[in-house]
$ cat final.cif   # mmCIF, C-alpha atoms; chains and numbers go by the auth columns
data_data
loop_
_atom_site.group_PDB
_atom_site.id
_atom_site.type_symbol
_atom_site.label_atom_id
_atom_site.label_comp_id
_atom_site.label_asym_id
_atom_site.label_seq_id
_atom_site.Cartn_x
_atom_site.Cartn_y
_atom_site.Cartn_z
_atom_site.B_iso_or_equiv
_atom_site.auth_seq_id
_atom_site.auth_asym_id
ATOM 1 C CA THR A 1 93.126 88.557 86.062 0.00 20 A
ATOM 2 C CA CYS A 2 90.775 86.595 88.268 0.00 21 A
ATOM 3 C CA ALA A 3 90.703 83.321 86.323 0.00 22 A
ATOM 4 C CA SER A 4 91.406 80.544 88.830 0.00 23 A
ATOM 5 C CA PRO A 5 89.627 78.958 91.831 0.00 24 A
ATOM 6 C CA SER A 6 92.142 80.707 94.108 0.00 25 A
ATOM 7 C CA CYS A 7 90.763 84.079 92.980 0.00 26 A
ATOM 8 C CA ALA A 8 87.175 85.160 93.555 0.00 27 A
ATOM 9 C CA GLU A 9 85.026 88.128 94.495 0.00 28 A
ATOM 10 C CA ASP A 10 85.531 88.423 98.232 0.00 29 A
ATOM 11 C CA PRO A 11 82.467 89.296 100.386 0.00 30 A
ATOM 12 C CA ASP A 12 84.661 90.344 103.324 0.00 31 A
ATOM 13 C CA LEU A 13 86.398 92.902 101.122 0.00 32 A
ATOM 14 C CA ALA A 14 83.028 94.116 99.850 0.00 33 A
ATOM 15 C CA SER A 15 81.913 94.710 103.426 0.00 34 A
ATOM 16 C CA VAL A 16 84.960 96.908 104.049 0.00 35 A
ATOM 17 C CA PHE A 17 84.022 99.188 101.162 0.00 36 A
ATOM 18 C CA ASP A 18 80.425 99.251 102.407 0.00 37 A
ATOM 19 C CA ARG A 19 81.490 100.350 105.893 0.00 38 A
ATOM 20 C CA PHE A 20 83.502 103.214 104.441 0.00 39 A
ATOM 21 C CA ASN A 21 80.704 104.089 102.013 0.00 40 A
ATOM 22 C CA ALA A 22 83.217 103.939 99.172 0.00 41 A
ATOM 23 C CA GLU A 23 82.913 102.892 95.554 0.00 42 A
ATOM 24 C CA GLY A 24 86.073 101.245 94.341 0.00 43 A
ATOM 25 C CA THR A 25 88.174 98.136 93.994 0.00 44 A
ATOM 26 C CA ILE A 26 91.035 96.312 95.656 0.00 45 A
ATOM 27 C CA VAL A 27 93.259 93.515 94.399 0.00 46 A
ATOM 28 C CA ILE A 28 95.437 91.664 96.919 0.00 47 A
ATOM 29 C CA SER A 29 97.791 89.003 95.595 0.00 48 A
ATOM 30 C CA SER A 30 100.543 86.822 96.990 0.00 49 A
ATOM 31 C CA LEU A 31 103.988 87.455 95.572 0.00 50 A
ATOM 32 C CA ASP A 32 104.006 84.068 93.838 0.00 51 A
ATOM 33 C CA GLY A 33 100.624 84.832 92.277 0.00 52 A
ATOM 34 C CA GLN A 34 99.054 81.652 93.636 0.00 53 A
ATOM 35 C CA LYS A 35 96.411 83.426 95.722 0.00 54 A
ATOM 36 C CA THR A 36 94.476 86.561 94.816 0.00 55 A
ATOM 37 C CA PHE A 37 91.574 88.317 96.496 0.00 56 A
ATOM 38 C CA VAL A 38 89.496 90.946 94.713 0.00 57 A
ATOM 39 C CA HIS A 39 86.579 93.252 95.276 0.00 58 A
ATOM 40 C CA ASN A 40 84.789 94.582 92.182 0.00 59 A
ATOM 41 C CA GLU A 41 86.608 92.777 89.417 0.00 60 A
ATOM 42 C CA VAL A 42 84.981 94.893 86.714 0.00 61 A
ATOM 43 C CA ARG A 43 86.556 98.019 88.190 0.00 62 A
ATOM 44 C CA ALA A 44 89.829 96.156 88.880 0.00 63 A
ATOM 45 C CA LYS A 45 90.206 95.781 85.099 0.00 64 A
ATOM 46 C CA MET A 46 89.445 99.458 84.364 0.00 65 A
ATOM 47 C CA GLU A 47 92.448 101.447 83.158 0.00 66 A
ATOM 48 C CA LEU A 48 92.574 104.782 84.988 0.00 67 A
ATOM 49 C CA LEU A 49 95.040 107.655 85.344 0.00 68 A
ATOM 50 C CA PRO A 50 97.821 106.599 87.743 0.00 69 A
ATOM 51 C CA ALA A 51 98.387 110.114 89.136 0.00 70 A
ATOM 52 C CA SER A 52 101.174 110.116 91.741 0.00 71 A
ATOM 53 C CA THR A 53 101.407 106.324 91.924 0.00 72 A
ATOM 54 C CA PHE A 54 103.474 106.842 88.755 0.00 73 A
ATOM 55 C CA LYS A 55 106.202 108.197 91.024 0.00 74 A
ATOM 56 C CA ILE A 56 107.160 104.563 91.678 0.00 75 A
ATOM 57 C CA PRO A 57 108.409 103.813 88.137 0.00 76 A
ATOM 58 C CA ASN A 58 109.224 107.484 87.567 0.00 77 A
ATOM 59 C CA THR A 59 111.784 107.390 90.387 0.00 78 A
ATOM 60 C CA LEU A 60 113.543 104.389 88.864 0.00 79 A
ATOM 61 C CA ILE A 61 113.454 105.901 85.364 0.00 80 A
ATOM 62 C CA ALA A 62 114.834 109.248 86.566 0.00 81 A
ATOM 63 C CA LEU A 63 117.693 107.570 88.421 0.00 82 A
ATOM 64 C CA GLU A 64 118.503 105.235 85.545 0.00 83 A
ATOM 65 C CA HIS A 65 118.464 108.069 83.015 0.00 84 A
ATOM 66 C CA GLY A 66 120.614 110.295 85.223 0.00 85 A
ATOM 67 C CA ALA A 67 118.012 113.024 85.695 0.00 86 A
ATOM 68 C CA VAL A 68 119.463 113.146 89.204 0.00 87 A
ATOM 69 C CA GLY A 69 122.497 111.282 90.436 0.00 88 A
ATOM 70 C CA ASN A 70 121.032 109.907 93.661 0.00 89 A
ATOM 71 C CA GLY A 71 118.296 110.279 96.234 0.00 90 A
ATOM 72 C CA THR A 72 119.818 113.275 97.976 0.00 91 A
ATOM 73 C CA GLU A 73 120.711 115.466 94.986 0.00 92 A
ATOM 74 C CA ILE A 74 118.848 118.755 95.417 0.00 93 A
ATOM 75 C CA ILE A 75 116.741 120.540 92.819 0.00 94 A
ATOM 76 C CA LYS A 76 116.259 124.150 93.852 0.00 95 A
ATOM 77 C CA TRP A 77 112.728 125.432 94.416 0.00 96 A
ATOM 78 C CA ASP A 78 111.878 128.271 92.015 0.00 97 A
ATOM 79 C CA GLY A 79 110.028 130.274 94.667 0.00 98 A
ATOM 80 C CA GLN A 80 106.573 129.734 93.145 0.00 99 A
ATOM 81 C CA ILE A 81 103.951 128.840 95.773 0.00 100 A
ATOM 82 C CA ARG A 82 102.212 125.577 94.914 0.00 101 A
ATOM 83 C CA GLY A 83 99.765 123.165 96.512 0.00 102 A
ATOM 84 C CA MET A 84 101.107 122.016 99.868 0.00 103 A
ATOM 85 C CA ASP A 85 103.456 123.972 102.107 0.00 104 A
ATOM 86 C CA VAL A 86 105.919 121.060 102.208 0.00 105 A
ATOM 87 C CA TRP A 87 106.371 121.376 98.429 0.00 106 A
ATOM 88 C CA ASN A 88 107.568 124.961 98.657 0.00 107 A
ATOM 89 C CA ARG A 89 111.240 124.360 99.357 0.00 108 A
ATOM 90 C CA ASP A 90 114.286 122.703 97.800 0.00 109 A
ATOM 91 C CA GLN A 91 113.673 119.002 97.178 0.00 110 A
ATOM 92 C CA SER A 92 115.454 115.712 96.543 0.00 111 A
ATOM 93 C CA ILE A 93 113.928 112.360 95.654 0.00 112 A
ATOM 94 C CA GLU A 94 114.099 111.382 99.333 0.00 113 A
ATOM 95 C CA THR A 95 112.055 114.425 100.379 0.00 114 A
ATOM 96 C CA ALA A 96 109.799 114.741 97.326 0.00 115 A
ATOM 97 C CA PHE A 97 108.527 111.160 97.091 0.00 116 A
ATOM 98 C CA PRO A 98 106.898 110.881 100.553 0.00 117 A
ATOM 99 C CA VAL A 99 105.068 114.223 100.192 0.00 118 A
ATOM 100 C CA SER A 100 104.235 113.618 96.514 0.00 119 A
ATOM 101 C CA CYS A 101 105.830 116.877 95.374 0.00 120 A
ATOM 102 C CA VAL A 102 104.470 117.437 91.875 0.00 121 A
ATOM 103 C CA TRP A 103 106.827 120.169 90.675 0.00 122 A
ATOM 104 C CA PHE A 104 109.916 118.129 91.544 0.00 123 A
ATOM 105 C CA TYR A 105 108.824 115.154 89.454 0.00 124 A
ATOM 106 C CA GLN A 106 107.760 117.493 86.652 0.00 125 A
ATOM 107 C CA GLU A 107 111.309 118.857 86.621 0.00 126 A
ATOM 108 C CA LEU A 108 112.623 115.292 86.435 0.00 127 A
ATOM 109 C CA ALA A 109 110.280 114.677 83.503 0.00 128 A
ATOM 110 C CA LYS A 110 111.806 117.599 81.602 0.00 129 A
ATOM 111 C CA ARG A 111 115.205 115.995 82.082 0.00 130 A
ATOM 112 C CA VAL A 112 113.999 112.561 80.926 0.00 131 A
ATOM 113 C CA GLY A 113 111.872 113.410 77.866 0.00 132 A
ATOM 114 C CA LEU A 114 108.843 111.803 76.219 0.00 133 A
ATOM 115 C CA ASN A 115 110.786 109.461 73.950 0.00 134 A
ATOM 116 C CA THR A 116 112.770 108.043 76.855 0.00 135 A
ATOM 117 C CA TYR A 117 109.596 107.551 78.895 0.00 136 A
ATOM 118 C CA GLN A 118 108.003 105.765 75.957 0.00 137 A
ATOM 119 C CA ASP A 119 110.918 103.372 75.748 0.00 138 A
ATOM 120 C CA TYR A 120 110.937 102.642 79.482 0.00 139 A
ATOM 121 C CA LEU A 121 107.169 102.136 79.754 0.00 140 A
ATOM 122 C CA GLN A 122 107.318 99.575 76.975 0.00 141 A
ATOM 123 C CA GLN A 123 110.259 97.822 78.646 0.00 142 A
ATOM 124 C CA ILE A 124 108.460 97.525 81.979 0.00 143 A
ATOM 125 C CA ASN A 125 105.012 96.923 80.428 0.00 144 A
ATOM 126 C CA TYR A 126 103.429 99.655 82.543 0.00 145 A
ATOM 127 C CA GLY A 127 99.674 100.059 82.003 0.00 146 A
ATOM 128 C CA ASN A 128 98.715 101.058 78.487 0.00 147 A
ATOM 129 C CA GLY A 129 102.250 102.348 77.898 0.00 148 A
ATOM 130 C CA LYS A 130 101.038 105.668 76.459 0.00 149 A
ATOM 131 C CA VAL A 131 102.844 108.907 77.199 0.00 150 A
ATOM 132 C CA GLY A 132 101.876 112.406 76.166 0.00 151 A
ATOM 133 C CA PRO A 133 100.637 114.655 74.957 0.00 152 A
ATOM 134 C CA GLU A 134 102.227 116.867 77.626 0.00 153 A
ATOM 135 C CA LEU A 135 105.590 115.818 79.051 0.00 154 A
ATOM 136 C CA THR A 136 104.968 117.100 82.571 0.00 155 A
ATOM 137 C CA THR A 137 101.351 115.974 83.043 0.00 156 A
ATOM 138 C CA PHE A 138 100.807 112.738 81.100 0.00 157 A
ATOM 139 C CA TRP A 139 100.385 110.719 84.304 0.00 158 A
ATOM 140 C CA LEU A 140 98.080 113.344 85.886 0.00 159 A
ATOM 141 C CA GLU A 141 95.741 114.242 83.034 0.00 160 A
ATOM 142 C CA GLY A 142 97.262 112.799 79.855 0.00 161 A
ATOM 143 C CA ASP A 143 97.070 109.500 78.012 0.00 162 A
ATOM 144 C CA LEU A 144 98.666 107.112 80.526 0.00 163 A
ATOM 145 C CA ARG A 145 96.266 104.605 82.089 0.00 164 A
ATOM 146 C CA ILE A 146 96.677 101.589 84.372 0.00 165 A
ATOM 147 C CA SER A 147 94.298 99.170 86.104 0.00 166 A
ATOM 148 C CA ALA A 148 94.471 97.684 89.590 0.00 167 A
ATOM 149 C CA TYR A 149 95.392 94.302 88.081 0.00 168 A
ATOM 150 C CA GLN A 150 98.128 95.904 85.994 0.00 169 A
ATOM 151 C CA HIS A 151 99.459 97.688 89.078 0.00 170 A
ATOM 152 C CA VAL A 152 99.756 94.375 90.914 0.00 171 A
ATOM 153 C CA ASN A 153 101.537 92.739 87.986 0.00 172 A
ATOM 154 C CA PHE A 154 103.956 95.661 87.780 0.00 173 A
ATOM 155 C CA LEU A 155 104.576 95.592 91.534 0.00 174 A
ATOM 156 C CA ARG A 156 105.293 91.852 91.450 0.00 175 A
ATOM 157 C CA LYS A 157 108.100 92.364 88.960 0.00 176 A
ATOM 158 C CA LEU A 158 109.290 95.397 90.906 0.00 177 A
ATOM 159 C CA VAL A 159 109.558 93.518 94.203 0.00 178 A
ATOM 160 C CA LEU A 160 111.295 90.612 92.465 0.00 179 A
ATOM 161 C CA ARG A 161 113.611 93.135 90.766 0.00 180 A
ATOM 162 C CA GLN A 162 112.947 91.747 87.318 0.00 181 A
ATOM 163 C CA PHE A 163 113.418 95.077 85.541 0.00 182 A
ATOM 164 C CA ALA A 164 116.787 96.256 84.274 0.00 183 A
ATOM 165 C CA PHE A 165 117.385 98.964 86.862 0.00 184 A
ATOM 166 C CA LYS A 166 120.406 99.399 89.098 0.00 185 A
ATOM 167 C CA GLU A 167 120.364 97.707 92.496 0.00 186 A
ATOM 168 C CA SER A 168 121.081 101.073 94.103 0.00 187 A
ATOM 169 C CA SER A 169 117.925 102.494 92.503 0.00 188 A
ATOM 170 C CA TYR A 170 115.831 99.576 93.756 0.00 189 A
ATOM 171 C CA ASP A 171 117.324 99.998 97.236 0.00 190 A
ATOM 172 C CA LEU A 172 116.505 103.706 97.344 0.00 191 A
ATOM 173 C CA LEU A 173 112.944 103.195 96.111 0.00 192 A
ATOM 174 C CA LYS A 174 112.339 100.423 98.636 0.00 193 A
ATOM 175 C CA ARG A 175 113.448 102.719 101.447 0.00 194 A
ATOM 176 C CA ILE A 176 111.323 105.724 100.486 0.00 195 A
ATOM 177 C CA MET A 177 108.193 103.649 99.799 0.00 196 A
ATOM 178 C CA VAL A 178 107.841 102.556 103.442 0.00 197 A
ATOM 179 C CA ILE A 179 104.539 103.808 104.899 0.00 198 A
ATOM 180 C CA GLU A 180 104.430 101.892 108.174 0.00 199 A
ATOM 181 C CA ARG A 181 106.883 99.589 109.919 0.00 200 A
ATOM 182 C CA ALA A 182 105.997 97.271 112.827 0.00 201 A
ATOM 183 C CA ASP A 183 107.505 94.177 114.445 0.00 202 A
ATOM 184 C CA SER A 184 105.564 91.738 112.286 0.00 203 A
ATOM 185 C CA TYR A 185 105.093 93.637 109.027 0.00 204 A
ATOM 186 C CA THR A 186 106.182 96.527 106.814 0.00 205 A
ATOM 187 C CA ILE A 187 103.772 98.335 104.508 0.00 206 A
ATOM 188 C CA SER A 188 105.235 100.070 101.472 0.00 207 A
ATOM 189 C CA GLY A 189 103.376 102.013 98.829 0.00 208 A
ATOM 190 C CA LYS A 190 102.337 105.233 97.147 0.00 209 A
ATOM 191 C CA THR A 191 99.102 107.179 96.983 0.00 210 A
ATOM 192 C CA GLY A 192 97.722 109.134 94.064 0.00 211 A
ATOM 193 C CA TRP A 193 94.735 111.320 93.186 0.00 212 A
ATOM 194 C CA ALA A 194 93.690 112.097 89.619 0.00 213 A
ATOM 195 C CA THR A 195 91.305 115.061 89.602 0.00 214 A
ATOM 196 C CA LYS A 196 91.469 116.434 86.059 0.00 215 A
ATOM 197 C CA THR A 197 89.397 113.647 84.564 0.00 216 A
ATOM 198 C CA ASP A 198 85.764 112.667 84.126 0.00 217 A
ATOM 199 C CA SER A 199 86.398 109.849 86.620 0.00 218 A
ATOM 200 C CA PRO A 200 88.262 111.269 89.665 0.00 219 A
ATOM 201 C CA VAL A 201 90.174 108.431 91.275 0.00 220 A
ATOM 202 C CA GLY A 202 92.161 108.004 94.456 0.00 221 A
ATOM 203 C CA TRP A 203 94.828 105.288 94.540 0.00 222 A
ATOM 204 C CA ILE A 204 97.071 103.509 96.970 0.00 223 A
ATOM 205 C CA VAL A 205 99.293 100.738 95.644 0.00 224 A
ATOM 206 C CA GLY A 206 102.164 98.795 97.138 0.00 225 A
ATOM 207 C CA TYR A 207 103.033 95.697 99.097 0.00 226 A
ATOM 208 C CA VAL A 208 103.163 94.254 102.601 0.00 227 A
ATOM 209 C CA ASP A 209 106.132 92.256 103.862 0.00 228 A
ATOM 210 C CA ALA A 210 104.756 90.046 106.644 0.00 229 A
ATOM 211 C CA LYS A 211 105.576 86.824 108.454 0.00 230 A
ATOM 212 C CA ASN A 212 103.434 84.854 106.019 0.00 231 A
ATOM 213 C CA GLY A 213 105.172 86.314 102.977 0.00 232 A
ATOM 214 C CA THR A 214 104.843 89.333 100.716 0.00 233 A
ATOM 215 C CA TRP A 215 101.446 90.511 99.532 0.00 234 A
ATOM 216 C CA LEU A 216 100.859 93.005 96.717 0.00 235 A
ATOM 217 C CA PHE A 217 97.892 95.363 96.688 0.00 236 A
ATOM 218 C CA ALA A 218 96.235 97.967 94.496 0.00 237 A
ATOM 219 C CA THR A 219 93.271 99.967 95.761 0.00 238 A
ATOM 220 C CA ASN A 220 91.343 102.696 94.027 0.00 239 A
ATOM 221 C CA ILE A 221 88.180 104.553 94.951 0.00 240 A
ATOM 222 C CA VAL A 222 85.970 107.195 93.421 0.00 241 A
ATOM 223 C CA MET A 223 87.407 110.284 95.134 0.00 242 A
ATOM 224 C CA THR A 224 85.985 113.721 94.466 0.00 243 A
ATOM 225 C CA LYS A 225 87.217 115.677 97.512 0.00 244 A
ATOM 226 C CA ILE A 226 90.345 115.754 99.646 0.00 245 A
ATOM 227 C CA GLU A 227 88.398 114.798 102.777 0.00 246 A
ATOM 228 C CA GLU A 228 88.004 111.317 101.300 0.00 247 A
ATOM 229 C CA ALA A 229 91.763 110.807 100.972 0.00 248 A
ATOM 230 C CA PRO A 230 92.264 108.894 104.268 0.00 249 A
ATOM 231 C CA LYS A 231 89.823 106.217 103.098 0.00 250 A
ATOM 232 C CA ARG A 232 92.400 104.867 100.617 0.00 251 A
ATOM 233 C CA LEU A 233 94.778 103.693 103.333 0.00 252 A
ATOM 234 C CA GLN A 234 92.073 102.884 105.880 0.00 253 A
ATOM 235 C CA ILE A 235 90.262 100.559 103.472 0.00 254 A
ATOM 236 C CA THR A 236 93.519 98.916 102.443 0.00 255 A
ATOM 237 C CA LEU A 237 94.714 98.340 106.010 0.00 256 A
ATOM 238 C CA GLU A 238 91.402 96.820 107.028 0.00 257 A
ATOM 239 C CA ALA A 239 91.325 94.668 103.878 0.00 258 A
#
$ encode --input "final.cif" --output "structure tokens"
Amino acid sequence: TCASPSCAEDPDLASVFDRFNAEGTIVISSLDGQKTFVHNEVRAKMELLPASTFKIPNTLIALEHGAVGNGTEIIKWDGQIRGMDVWNRDQSIETAFPVSCVWFYQELAKRVGLNTYQDYLQQINYGNGKVGPELTTFWLEGDLRISAYQHVNFLRKLVLRQFAFKESSYDLLKRIMVIERADSYTISGKTGWATKTDSPVGWIVGYVDAKNGTWLFATNIVMTKIEEAPKRLQITLEA
């Protein structure tokens, strides 16, 4: 957490949230952990539902456990109309991750199991490490919680590949996490929106590879309607 002179409440970051009329937090930290910027440290320590940001570790866990063999292995759509049009078709990890296809990752969860998730979450020290009670929804409305600070700490170990996952799994995840690529930087991350909770929260977490190094970020805002979704990325990019 914010415990050194190199880390302090940042008025410039606060002004970004003010301009977007958003209540939330952001933590930005260098890969080596020597420099951290934060807005709203109290909220940055709050453990909240991860929603679809959990697809980051979930992808690695599913690949490691053999729920699917690789990023292109297809799981057939069952024909049930759900959520977004892009969900309603056959999916692989490479297609499901970018569009945050819920049913696909719920099918992976059935193949992994609660006990296996429990073991992995303890190994990677992810949030509060609690799974359940429901296998297919614990990251959407169940017991799992994570804070912005915890996200950044997890992402640091992820980028440094300090977890015991296969290199091929890391390589695949790195590829599908890319949000924007330019000459001088690449932004990688994942959004999420937890709605079935007393505290609806919109997330975007990830990292930026730039000329001055790699920077980790975790942003969350109070998000009660879908029209507010673009703010997550807009605030983060400006920050």
$ resolve_selection --input "final.cif" --expression "the PyMOL selection byres ((chain A and resi 225-229) around 7)" --output "list of chain:residue names"
A:Leu174, A:Ser203, A:Tyr204, A:Thr205, A:Ile206, A:Ser207, A:Gly208, A:Lys209, A:Ile223, A:Val224, A:Lys230, A:Asn231, A:Gly232, A:Thr233, A:Trp234, A:Leu235, A:Phe236, A:Ala237
$ resolve_selection --input "final.cif" --expression "the PyMOL selection byres ((chain A and resi 140) around 12)" --output "PyMOL selection string"
chain A and resi 73+76-77+79-80+133-139+141-150+158+163-165+173+182
$ write_last_selection --input "final.cif" --atoms "C-alpha atoms" --output "tab-separated table (two decimals), in the frame of the given file"
chain	number	residue	atom	x	y	z
A	73	PHE	CA	103.47	106.84	88.76
A	76	PRO	CA	108.41	103.81	88.14
A	77	ASN	CA	109.22	107.48	87.57
A	79	LEU	CA	113.54	104.39	88.86
A	80	ILE	CA	113.45	105.90	85.36
A	133	LEU	CA	108.84	111.80	76.22
A	134	ASN	CA	110.79	109.46	73.95
A	135	THR	CA	112.77	108.04	76.86
A	136	TYR	CA	109.60	107.55	78.90
A	137	GLN	CA	108.00	105.76	75.96
A	138	ASP	CA	110.92	103.37	75.75
A	139	TYR	CA	110.94	102.64	79.48
A	141	GLN	CA	107.32	99.58	76.97
A	142	GLN	CA	110.26	97.82	78.65
A	143	ILE	CA	108.46	97.52	81.98
A	144	ASN	CA	105.01	96.92	80.43
A	145	TYR	CA	103.43	99.66	82.54
A	146	GLY	CA	99.67	100.06	82.00
A	147	ASN	CA	98.72	101.06	78.49
A	148	GLY	CA	102.25	102.35	77.90
A	149	LYS	CA	101.04	105.67	76.46
A	150	VAL	CA	102.84	108.91	77.20
A	158	TRP	CA	100.38	110.72	84.30
A	163	LEU	CA	98.67	107.11	80.53
A	164	ARG	CA	96.27	104.60	82.09
A	165	ILE	CA	96.68	101.59	84.37
A	173	PHE	CA	103.96	95.66	87.78
A	182	PHE	CA	113.42	95.08	85.54
$ resolve_selection --input "final.cif" --expression "the PyMOL selection byres ((chain A and resi 152) around 9)" --output "CSV table (one decimal) with C-alpha atoms, in the coordinates of the input"
chain,number,residue,atom,x,y,z
A,133,LEU,CA,108.8,111.8,76.2
A,150,VAL,CA,102.8,108.9,77.2
A,151,GLY,CA,101.9,112.4,76.2
A,153,GLU,CA,102.2,116.9,77.6
A,154,LEU,CA,105.6,115.8,79.1
A,156,THR,CA,101.4,116.0,83.0
A,157,PHE,CA,100.8,112.7,81.1
A,161,GLY,CA,97.3,112.8,79.9
A,162,ASP,CA,97.1,109.5,78.0
$ residues_around --input "final.cif" --residues "segment 215-217 of chain A" --least-positions-apart "2" --cutoff "10 Å" --atoms "only C-alpha atoms" --output "mmCIF file with C-alpha atoms, in the coordinates of the input"
data_model
loop_
_atom_site.group_PDB
_atom_site.id
_atom_site.type_symbol
_atom_site.label_atom_id
_atom_site.label_comp_id
_atom_site.auth_asym_id
_atom_site.auth_seq_id
_atom_site.Cartn_x
_atom_site.Cartn_y
_atom_site.Cartn_z
ATOM 1 C CA LEU A 67 92.574 104.782 84.988
ATOM 2 C CA LEU A 68 95.040 107.655 85.344
ATOM 3 C CA ALA A 70 98.387 110.114 89.136
ATOM 4 C CA LEU A 159 98.080 113.344 85.886
ATOM 5 C CA GLU A 160 95.741 114.242 83.034
ATOM 6 C CA GLY A 161 97.262 112.799 79.855
ATOM 7 C CA TRP A 212 94.735 111.320 93.186
ATOM 8 C CA ALA A 213 93.690 112.097 89.619
ATOM 9 C CA PRO A 219 88.262 111.269 89.665
ATOM 10 C CA VAL A 220 90.174 108.431 91.275
#
$ atom_distance --input "final.cif" --atom1 "atom CA of Ser166 of chain A" --atom2 "atom CA of Lys64 of chain A"
5.4 Å
$ residues_around --input "final.cif" --residues "Gln110 of chain A" --least-positions-apart "5" --cutoff "7 Å" --atoms "all atoms listed in the file" --output "PyMOL selection string"
chain A and resi 93-95+115+123
$ write_last_selection --input "final.cif" --atoms "C-alpha atoms" --output "short mmCIF file (atom, residue, chain, number, x, y, z; two decimals), in the coordinates of the input"
data_model
loop_
_atom_site.label_atom_id
_atom_site.label_comp_id
_atom_site.auth_asym_id
_atom_site.auth_seq_id
_atom_site.Cartn_x
_atom_site.Cartn_y
_atom_site.Cartn_z
CA ILE A 93 118.85 118.76 95.42
CA ILE A 94 116.74 120.54 92.82
CA LYS A 95 116.26 124.15 93.85
CA ALA A 115 109.80 114.74 97.33
CA PHE A 123 109.92 118.13 91.54
#
$ closest_residue --input "final.cif" --among "A:Val35, A:Ile112, A:Asn40, A:Glu28" --to "Glu247 of chain A" --atoms "all atoms listed in the file"
A:Asn40
$ closest_residue --input "final.cif" --among "A:Ala33, A:Val87, A:Val118, A:Ala258" --to "Asn59 of chain A" --atoms "all atoms listed in the file"
A:Ala33
$ closest_residue --input "final.cif" --among "A:Glu113, A:Thr72, A:Leu252, A:Arg175" --to "Leu50 of chain A" --atoms "all atoms listed in the file"
A:Arg175
$ atom_distance --input "final.cif" --atom1 "atom CA of Tyr189 of chain A" --atom2 "atom CA of Leu256 of chain A"
24.4 Å
$ atom_distance --input "final.cif" --atom1 "atom CA of Gly132 of chain A" --atom2 "atom CA of Ser119 of chain A"
20.2 Å
$ closest_residue --input "final.cif" --among "A:Ala167, A:Ile100, A:Val57, A:Met196" --to "Lys74 of chain A" --atoms "only C-alpha atoms"
A:Met196
$ closest_residue --input "final.cif" --among "A:Ser218, A:Thr78, A:Thr255, A:Asn89" --to "Thr243 of chain A" --atoms "all atoms listed in the file"
A:Ser218
$ closest_residue --input "final.cif" --among "A:Thr91, A:Met242, A:Val197, A:Asp202" --to "Asp109 of chain A" --atoms "only C-alpha atoms"
A:Thr91
$ residues_near_point --input "final.cif" --point "(92.9, 93.5, 84.4)" --cutoff "9 Å" --atoms "only C-alpha atoms" --output "short mmCIF file (atom, residue, chain, number, x, y, z; two decimals) with C-alpha atoms, in the coordinates of the input"
data_model
loop_
_atom_site.label_atom_id
_atom_site.label_comp_id
_atom_site.auth_asym_id
_atom_site.auth_seq_id
_atom_site.Cartn_x
_atom_site.Cartn_y
_atom_site.Cartn_z
CA THR A 20 93.13 88.56 86.06
CA CYS A 21 90.78 86.60 88.27
CA GLU A 60 86.61 92.78 89.42
CA VAL A 61 84.98 94.89 86.71
CA ARG A 62 86.56 98.02 88.19
CA ALA A 63 89.83 96.16 88.88
CA LYS A 64 90.21 95.78 85.10
CA MET A 65 89.44 99.46 84.36
CA GLU A 66 92.45 101.45 83.16
CA ILE A 165 96.68 101.59 84.37
CA SER A 166 94.30 99.17 86.10
CA ALA A 167 94.47 97.68 89.59
CA TYR A 168 95.39 94.30 88.08
CA GLN A 169 98.13 95.90 85.99
#
